[in-house]
Amino acid sequence: MKKIIPCALLVLLCFTEIVFASLKPDPKGTDLKKQAEALLKKQILAEAAWAMQQKPVTVTASSSPRSAGGKHDFFSEADYFWPDPQNPNGPYINRDGLTNPDNFLDHRKAMVRFSKIIGALASAYKITADEKYVKQAVKHFQAWFINSETLMNPNLLFAQAVKGKFTGRNYGIIDTIHLMEVAQGALIMEKAKAFDPQTAKGVKKWFADYIIWLNTSKPGIQEKTVKNNHATCWAMQVASFAKLCGDENMLDSLRTSYKTILLPNQMGTDGSFPLEMARTKPYGYSIFNLDAMTMLCQILSTPKDNLWNFETADGKSIKKGLSYLYPFIADKSKWTLKPDVMYWDNWPVAQPFLLFGAVQCNQTNWYQTWAKLDHQPQVEEVIRNLPIRNPLIWL
């Protein structure tokens, strides 16, 4: 009997330890996820109530005489190009960092609005499981991707045109970062009864066609190989769209690209992004590129291939990038370079890299900084550079 009791006690102690271990907070940030949901719930339900009242507005609702495309083609104009004072009717000239307020913006605004609607509806569905949100989202999916009268063509041939120079440019591909939350919203809602299989199939077909265009067209290939945030954003969107389509080959290729091209070529050994730091808006661009790199890690990471833990031979990693920029987010007065030429006062807002970084690295201070920042920015330029505004659908 003397021998049996210690063994029984040992089993009991081991069992108790397992139970208590399961009750401990998940070191991967489960507590932070719950806190984020509690913090955002009121805002999400209010935005979803707004989204429930919105009718679809696609690219076919407006057009510009300066577009070389047709009714179903997305059109935008390059932000930093202006009339030439020496030749007012001639080709536009570049003024880096300074946005021309007379550009055609209707299609871009319609896409951002679409992203807001689907992001809000998907977030509300995720926290309530109420299918009314899915039913409303389906109307917008059908208008943008399926209805032959209102759909958008799955290419960006006429984005970021420059008067007198280009009918479209590869740099315009960055405009569809606002379809990321549309794709993620579809992924979150696709198993709902209200999401009919035909609509789901049509949405995936549109994104699959767009992935092909992004990988095979001249502008797509050019954008993929740009050396700065444009390449990061190309990869970020393709990752998001490929995730929806279940395109595992594309996802694998993007993981390789992150590890061998994007991270090593864009990050300095101190964790900064030298190409962004050299711009006229180094603060805003550094934030923007770190958000995009963080989203690549969030979308592409798997248990077998966790990009959050990846490090190059010379020590570059997403964690190093977060650690480098965080002090300047927590206290902007520490920024060592000149202020950005525009929108200096409007950054930072509740940047997604703070939340996802906090959850993955279990950094409470990053979370607390994110929680205090603005979650509902109203400045158009900020919204344009903040494609992830509904973080719960990505967690």
# chains A, B, ... in the order shown; residues from 1 in each chain; ligands from 1
$ residues_around --residues "Lys109 (chain A)" --least-positions-apart "4" --cutoff "12 Å" --atoms "only C-alpha atoms" --output "PDB file with N, CA and C atoms, in the first residue's frame"
ATOM      1  N   VAL A  57     -22.404  50.431 -54.396  1.00  0.00           N
ATOM      2  CA  VAL A  57     -21.919  51.444 -55.346  1.00  0.00           C
ATOM      3  C   VAL A  57     -20.607  50.903 -55.906  1.00  0.00           C
ATOM      4  N   THR A  58     -20.562  50.617 -57.209  1.00  0.00           N
ATOM      5  CA  THR A  58     -19.353  50.047 -57.805  1.00  0.00           C
ATOM      6  C   THR A  58     -18.707  51.059 -58.759  1.00  0.00           C
ATOM      7  N   VAL A  59     -17.687  50.613 -59.498  1.00  0.00           N
ATOM      8  CA  VAL A  59     -16.978  51.506 -60.420  1.00  0.00           C
ATOM      9  C   VAL A  59     -17.876  51.985 -61.561  1.00  0.00           C
ATOM     10  N   ALA A  61     -20.705  53.299 -61.326  1.00  0.00           N
ATOM     11  CA  ALA A  61     -21.547  54.437 -60.901  1.00  0.00           C
ATOM     12  C   ALA A  61     -20.948  55.786 -61.290  1.00  0.00           C
ATOM     13  N   SER A  62     -19.665  55.813 -61.661  1.00  0.00           N
ATOM     14  CA  SER A  62     -19.019  57.087 -62.015  1.00  0.00           C
ATOM     15  C   SER A  62     -17.920  56.835 -63.039  1.00  0.00           C
ATOM     16  N   PHE A  74     -11.658  49.972 -63.344  1.00  0.00           N
ATOM     17  CA  PHE A  74     -11.235  50.849 -62.253  1.00  0.00           C
ATOM     18  C   PHE A  74     -10.268  51.892 -62.812  1.00  0.00           C
ATOM     19  N   PHE A  75     -10.473  53.151 -62.413  1.00  0.00           N
ATOM     20  CA  PHE A  75      -9.585  54.231 -62.868  1.00  0.00           C
ATOM     21  C   PHE A  75      -9.196  55.105 -61.684  1.00  0.00           C
ATOM     22  N   SER A  76      -7.918  55.435 -61.597  1.00  0.00           N
ATOM     23  CA  SER A  76      -7.455  56.416 -60.608  1.00  0.00           C
ATOM     24  C   SER A  76      -6.292  57.182 -61.211  1.00  0.00           C
ATOM     25  N   ASN A 103      -7.370  65.267 -58.538  1.00  0.00           N
ATOM     26  CA  ASN A 103      -7.396  63.941 -59.155  1.00  0.00           C
ATOM     27  C   ASN A 103      -8.790  63.326 -59.124  1.00  0.00           C
ATOM     28  N   PHE A 104      -9.053  62.396 -60.060  1.00  0.00           N
ATOM     29  CA  PHE A 104     -10.297  61.621 -60.045  1.00  0.00           C
ATOM     30  C   PHE A 104     -10.185  60.552 -58.956  1.00  0.00           C
ATOM     31  N   LEU A 105     -11.092  60.595 -57.987  1.00  0.00           N
ATOM     32  CA  LEU A 105     -11.004  59.701 -56.823  1.00  0.00           C
ATOM     33  C   LEU A 105     -12.234  58.815 -56.628  1.00  0.00           C
ATOM     34  N   ARG A 113     -15.139  52.371 -49.603  1.00  0.00           N
ATOM     35  CA  ARG A 113     -16.475  52.231 -49.006  1.00  0.00           C
ATOM     36  C   ARG A 113     -16.897  50.755 -48.987  1.00  0.00           C
ATOM     37  N   PHE A 114     -16.668  50.051 -50.093  1.00  0.00           N
ATOM     38  CA  PHE A 114     -16.962  48.616 -50.198  1.00  0.00           C
ATOM     39  C   PHE A 114     -16.211  47.846 -49.117  1.00  0.00           C
ATOM     40  N   SER A 115     -14.930  48.177 -48.954  1.00  0.00           N
ATOM     41  CA  SER A 115     -14.092  47.550 -47.941  1.00  0.00           C
ATOM     42  C   SER A 115     -14.634  47.811 -46.528  1.00  0.00           C
ATOM     43  N   LYS A 116     -15.056  49.054 -46.281  1.00  0.00           N
ATOM     44  CA  LYS A 116     -15.622  49.403 -44.966  1.00  0.00           C
ATOM     45  C   LYS A 116     -16.894  48.600 -44.691  1.00  0.00           C
ATOM     46  N   ASP A 175      -3.772  50.328 -55.188  1.00  0.00           N
ATOM     47  CA  ASP A 175      -5.140  50.761 -54.874  1.00  0.00           C
ATOM     48  C   ASP A 175      -6.027  49.606 -54.403  1.00  0.00           C
ATOM     49  N   THR A 176      -5.743  48.371 -54.850  1.00  0.00           N
ATOM     50  CA  THR A 176      -6.626  47.253 -54.459  1.00  0.00           C
ATOM     51  C   THR A 176      -6.246  46.611 -53.130  1.00  0.00           C
ATOM     52  N   HIS A 178      -7.397  47.680 -50.714  1.00  0.00           N
ATOM     53  CA  HIS A 178      -8.696  47.802 -50.035  1.00  0.00           C
ATOM     54  C   HIS A 178      -9.650  46.656 -50.369  1.00  0.00           C
ATOM     55  N   GLU A 380      -8.926  61.105 -45.297  1.00  0.00           N
ATOM     56  CA  GLU A 380      -8.925  60.188 -46.448  1.00  0.00           C
ATOM     57  C   GLU A 380      -7.566  59.566 -46.724  1.00  0.00           C
ATOM     58  N   GLU A 381      -6.511  60.370 -46.637  1.00  0.00           N
ATOM     59  CA  GLU A 381      -5.170  59.862 -46.927  1.00  0.00           C
ATOM     60  C   GLU A 381      -4.749  58.799 -45.915  1.00  0.00           C
ATOM     61  N   ILE A 383      -6.892  56.801 -44.243  1.00  0.00           N
ATOM     62  CA  ILE A 383      -7.710  55.622 -44.547  1.00  0.00           C
ATOM     63  C   ILE A 383      -7.137  54.884 -45.760  1.00  0.00           C
ATOM     64  N   ARG A 384      -6.701  55.645 -46.760  1.00  0.00           N
ATOM     65  CA  ARG A 384      -6.149  55.045 -47.981  1.00  0.00           C
ATOM     66  C   ARG A 384      -4.910  54.207 -47.682  1.00  0.00           C
TER      67      ARG A 384
END
$ select_by_dssp --residues "region 90-325 of chain A" --states "alpha helix (DSSP H)" --output "ChimeraX atom specification"
/A:106-128,132-145,180-189,197-216,218-224,229-245,248-257,263-266,274-277,282-300,318-325
$ residues_around --residues "Ala137 (chain A)" --least-positions-apart "4" --cutoff "8 Å" --atoms "only C-alpha atoms" --output "list of chain:residue names"
A:Ile117, A:Ile118, A:Leu121, A:Tyr133, A:Phe141
$ closest_residue --among "A:Thr269, A:Gln378, A:Ser240, A:Ser253" --to "Met295 (chain A)" --atoms "only C-alpha atoms"
A:Ser240
$ atom_distance --atom1 "CA of Val203 (chain A)" --atom2 "CA of Leu151 (chain A)"
10.9 Å
$ residues_around --residues "Pro219 (chain A)" --least-positions-apart "4" --cutoff "7 Å" --atoms "only C-alpha atoms" --output "list of chain:residue names"
A:Arg169, A:Asn170, A:Glu223
$ residues_around --residues "region 281-292 of chain A" --least-positions-apart "2" --cutoff "6 Å" --atoms "only C-alpha atoms" --output "list of chain:residue names"
A:Asn229, A:Glu276, A:Met277, A:Arg279, A:Thr294, A:Met295, A:Asp340, A:Val341, A:Phe353
$ residues_around --residues "region 94-100 of chain A" --least-positions-apart "6" --cutoff "6 Å" --atoms "only C-alpha atoms" --output "PyMOL selection string"
chain A and resi 79-81+280
$ residues_around --residues "Thr232 (chain A)" --least-positions-apart "2" --cutoff "8 Å" --atoms "only C-alpha atoms" --output "PyMOL selection string"
chain A and resi 228-230+234-236+262+289+292-293
